[in-house]
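One structure is given below, encoded as structure tokens.
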Amino acid sequence: MISSYTNSKIKNMMLLKNNARARKKQNCFLVEGPRMFFEIPKERLLEVYVTEEFEEKHKDKLEGYRRELISDSVCRHLSDTKTPQGVVALVEKRESTLEELLEREQEPCLFLLENLQDPGNMGTILRTAEGAGVTGVIMNRGCVDPYNPKVIRATMGAMFRMPFVVVDYLPAVFPALKEKGIVTYAAHLDGTEFFRQNYRRGTAFLIGNEGKGLTEETADGADVKIRIPMKGQVESLNASIAATVLMYEALRQREWE
């Protein structure tokens, strides 16, 4: 059993938990808690650490898993939550390519995210995207790391099923989208009402930073600017809520109308 914080494996996992560069360099990330752990595709599992209590409680489900015991205090040390749940796993990173994403469906529904900073927003968008039947998500490197522990937790397992691509520069994707006949819609305060558009064809929605929105260059590069009308004195919605409204309008038009 590992009971020391200075153990080399524990020190490395702490580095991976706190450092996006380390996650990128080692091509892996941490997942904790039973709900997320049992969602992980087994072929992507690199290392599994469990407490004695967790092992006893889930011994039937753990059959076939190679694992190592850690003390409760080490589990608390590794945990990103106030109430550790007894399991921490090291998981291989796997991302789609833009080409793979564009070939998944004939008339895809994509979401392009620019400079999103809130882990909860990012995780919620990935989770909701799966629920709304979105084809995939493309994000620029200015966004919060999708392998941030808080993002992973907010996805509730969807990150293992919702394809996503990280690109250096969002407008660089536009020519490939245009070539596939995909229409780009920028969420923008100066746009037309979102519900007046046709999303049954290939569609890509652009969602910007929580405070600043899309950069001018990205917004101007879109085919159409759209907005969600507001009542009262509210100017705009939270990024994940705005994305949800657009996702389900696209789904409504495609499947329920």
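Starting from 1 in every chain, residues are counted up; chains themselves are A, B, ... following the order of the structure tokens, and ligands are numbered from 1 as listed.
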Among segment 70-162 of chain A, which ones does DSSP place in alpha helix (DSSP H), written as an MDAnalysis selection string? chainID A and resid 72:78 98:103 119:131 149:155
Using C-alpha atoms, can you export the residues from the last selection as an mmCIF file, in the first residue's frame?
```
data_model
loop_
_atom_site.group_PDB
_atom_site.id
_atom_site.type_symbol
_atom_site.label_atom_id
_atom_site.label_comp_id
_atom_site.auth_asym_id
_atom_site.auth_seq_id
_atom_site.Cartn_x
_atom_site.Cartn_y
_atom_site.Cartn_z
ATOM 1 C CA ASP A 72 -7.082 7.217 2.825
ATOM 2 C CA SER A 73 -4.763 10.166 3.507
ATOM 3 C CA VAL A 74 -3.008 9.756 0.137
ATOM 4 C CA CYS A 75 -6.406 9.564 -1.563
ATOM 5 C CA ARG A 76 -7.420 12.826 0.113
ATOM 6 C CA HIS A 77 -4.122 14.352 -0.991
ATOM 7 C CA LEU A 78 -4.773 13.404 -4.619
ATOM 8 C CA LEU A 98 -10.588 17.666 -37.543
ATOM 9 C CA GLU A 99 -10.766 15.323 -40.533
ATOM 10 C CA GLU A 100 -12.361 12.566 -38.438
ATOM 11 C CA LEU A 101 -14.876 15.006 -37.003
ATOM 12 C CA LEU A 102 -15.925 16.276 -40.431
ATOM 13 C CA GLU A 103 -16.406 12.745 -41.744
ATOM 14 C CA PRO A 119 -14.094 24.652 -16.280
ATOM 15 C CA GLY A 120 -17.753 24.244 -15.352
ATOM 16 C CA ASN A 121 -18.855 25.821 -18.631
ATOM 17 C CA MET A 122 -16.531 23.625 -20.666
ATOM 18 C CA GLY A 123 -17.600 20.441 -18.893
ATOM 19 C CA THR A 124 -21.284 21.308 -19.129
ATOM 20 C CA ILE A 125 -21.011 22.025 -22.851
ATOM 21 C CA LEU A 126 -19.360 18.650 -23.502
ATOM 22 C CA ARG A 127 -21.980 16.873 -21.403
ATOM 23 C CA THR A 128 -24.924 18.691 -22.982
ATOM 24 C CA ALA A 129 -23.468 18.208 -26.459
ATOM 25 C CA GLU A 130 -23.704 14.464 -26.015
ATOM 26 C CA GLY A 131 -27.287 14.738 -24.786
ATOM 27 C CA PRO A 149 -10.075 17.908 -13.146
ATOM 28 C CA LYS A 150 -13.017 20.301 -12.787
ATOM 29 C CA VAL A 151 -13.853 20.012 -16.499
ATOM 30 C CA ILE A 152 -13.677 16.220 -16.334
ATOM 31 C CA ARG A 153 -15.970 16.122 -13.315
ATOM 32 C CA ALA A 154 -18.520 18.441 -14.978
ATOM 33 C CA THR A 155 -18.712 16.228 -18.081
#
```
Strand (DSSP E) call set, DSSP backbone run, segment 161-241 of chain A, as a list in words: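 Taking segment 161-241 of chain A and keeping strand (DSSP E) gives Phe164, Val165, Val166, Val167, Val183, Thr184, Tyr185, Ala186, Ala187, His188, Leu189, Asp190, Gly191, Thr192, Glu193, Thr203, Ala204, Phe205, Leu206, Ile207, Val224, Lys225, Ile226 and Arg227 of chain A.
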Suppose we keep C-alpha atoms; can you now write the selection as a PDB file, in the first residue's frame?
```pdb
ATOM      1  CA  PHE A 164     -13.450  17.001 -29.484  1.00  0.00           C
ATOM      2  CA  VAL A 165     -10.513  18.640 -31.226  1.00  0.00           C
ATOM      3  CA  VAL A 166      -8.113  21.276 -29.898  1.00  0.00           C
ATOM      4  CA  VAL A 167      -6.742  23.689 -32.523  1.00  0.00           C
ATOM      5  CA  VAL A 183     -22.551  27.074 -42.356  1.00  0.00           C
ATOM      6  CA  THR A 184     -20.932  28.888 -39.414  1.00  0.00           C
ATOM      7  CA  TYR A 185     -23.083  30.834 -36.931  1.00  0.00           C
ATOM      8  CA  ALA A 186     -21.416  33.220 -34.476  1.00  0.00           C
ATOM      9  CA  ALA A 187     -23.250  33.887 -31.205  1.00  0.00           C
ATOM     10  CA  HIS A 188     -23.085  37.687 -31.167  1.00  0.00           C
ATOM     11  CA  LEU A 189     -25.009  40.588 -29.628  1.00  0.00           C
ATOM     12  CA  ASP A 190     -25.381  42.188 -33.073  1.00  0.00           C
ATOM     13  CA  GLY A 191     -26.831  39.059 -34.692  1.00  0.00           C
ATOM     14  CA  THR A 192     -30.324  38.194 -35.868  1.00  0.00           C
ATOM     15  CA  GLU A 193     -32.659  36.031 -33.759  1.00  0.00           C
ATOM     16  CA  THR A 203     -23.990  23.659 -39.011  1.00  0.00           C
ATOM     17  CA  ALA A 204     -21.251  25.023 -36.766  1.00  0.00           C
ATOM     18  CA  PHE A 205     -22.028  27.332 -33.825  1.00  0.00           C
ATOM     19  CA  LEU A 206     -19.323  29.638 -32.443  1.00  0.00           C
ATOM     20  CA  ILE A 207     -19.348  30.389 -28.710  1.00  0.00           C
ATOM     21  CA  VAL A 224     -24.048  34.459 -40.024  1.00  0.00           C
ATOM     22  CA  LYS A 225     -24.217  36.257 -36.670  1.00  0.00           C
ATOM     23  CA  ILE A 226     -27.052  35.151 -34.374  1.00  0.00           C
ATOM     24  CA  ARG A 227     -28.280  36.166 -30.946  1.00  0.00           C
TER      25      ARG A 227
END
```
Would you list the contacts of Asp145 of chain A as a ChimeraX atom specification, taking every protein, DNA or RNA residue within 9 Å and counting only C-alpha atoms, but skipping same-chain residues closer than 2 positions in sequence? /A:20,117,119,122,141-143,147-148,151
Nearest to Met36 of chain A, chosen from A:Gly213, A:Gly157, A:Gly181, A:Gly202, with only C-alpha atoms counted in the distances: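 Of A:Gly213, A:Gly157, A:Gly181, A:Gly202, the one nearest Met36 of chain A, counting only C-alpha atoms, is A:Gly157.
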Would you kindly return, as a list in words, each protein, DNA or RNA residue with an atom no farther than 8 Å from any atom of Asn140 of chain A, considering only C-alpha atoms and excluding same-chain residues fewer than 5 positions away? Leu113, Glu114, Asn115, Val166, Val167, Asp168, Tyr169 and Leu170 of chain A
In Å, with one decimal, what is the gap from atom CA of Arg254 of chain A to atom CA of Glu39 of chain A?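 Taking atom CA of Arg254 of chain A and atom CA of Glu39 of chain A, their separation equals 28.8 Å.
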Go through A:Glu32, A:Tyr65, A:Ser79, A:Arg161 and flag the residue nearest Met14 of chain A, using only C-alpha atoms for the distances.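 Closest candidate: A:Ser79.
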Which residue is closest to Pro41 of chain A? Choose from A:Phe174, A:Trp256, A:Tyr248, A:Phe160 and count only C-alpha atoms.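 Between A:Phe174, A:Trp256, A:Tyr248, A:Phe160, the residue approaching Pro41 of chain A most closely is A:Phe160.
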Rounded to one decimal, what separation in Å do you get between atom CA of Leu15 of chain A and atom CA of Val137 of chain A?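 The value is 27.0 Å.
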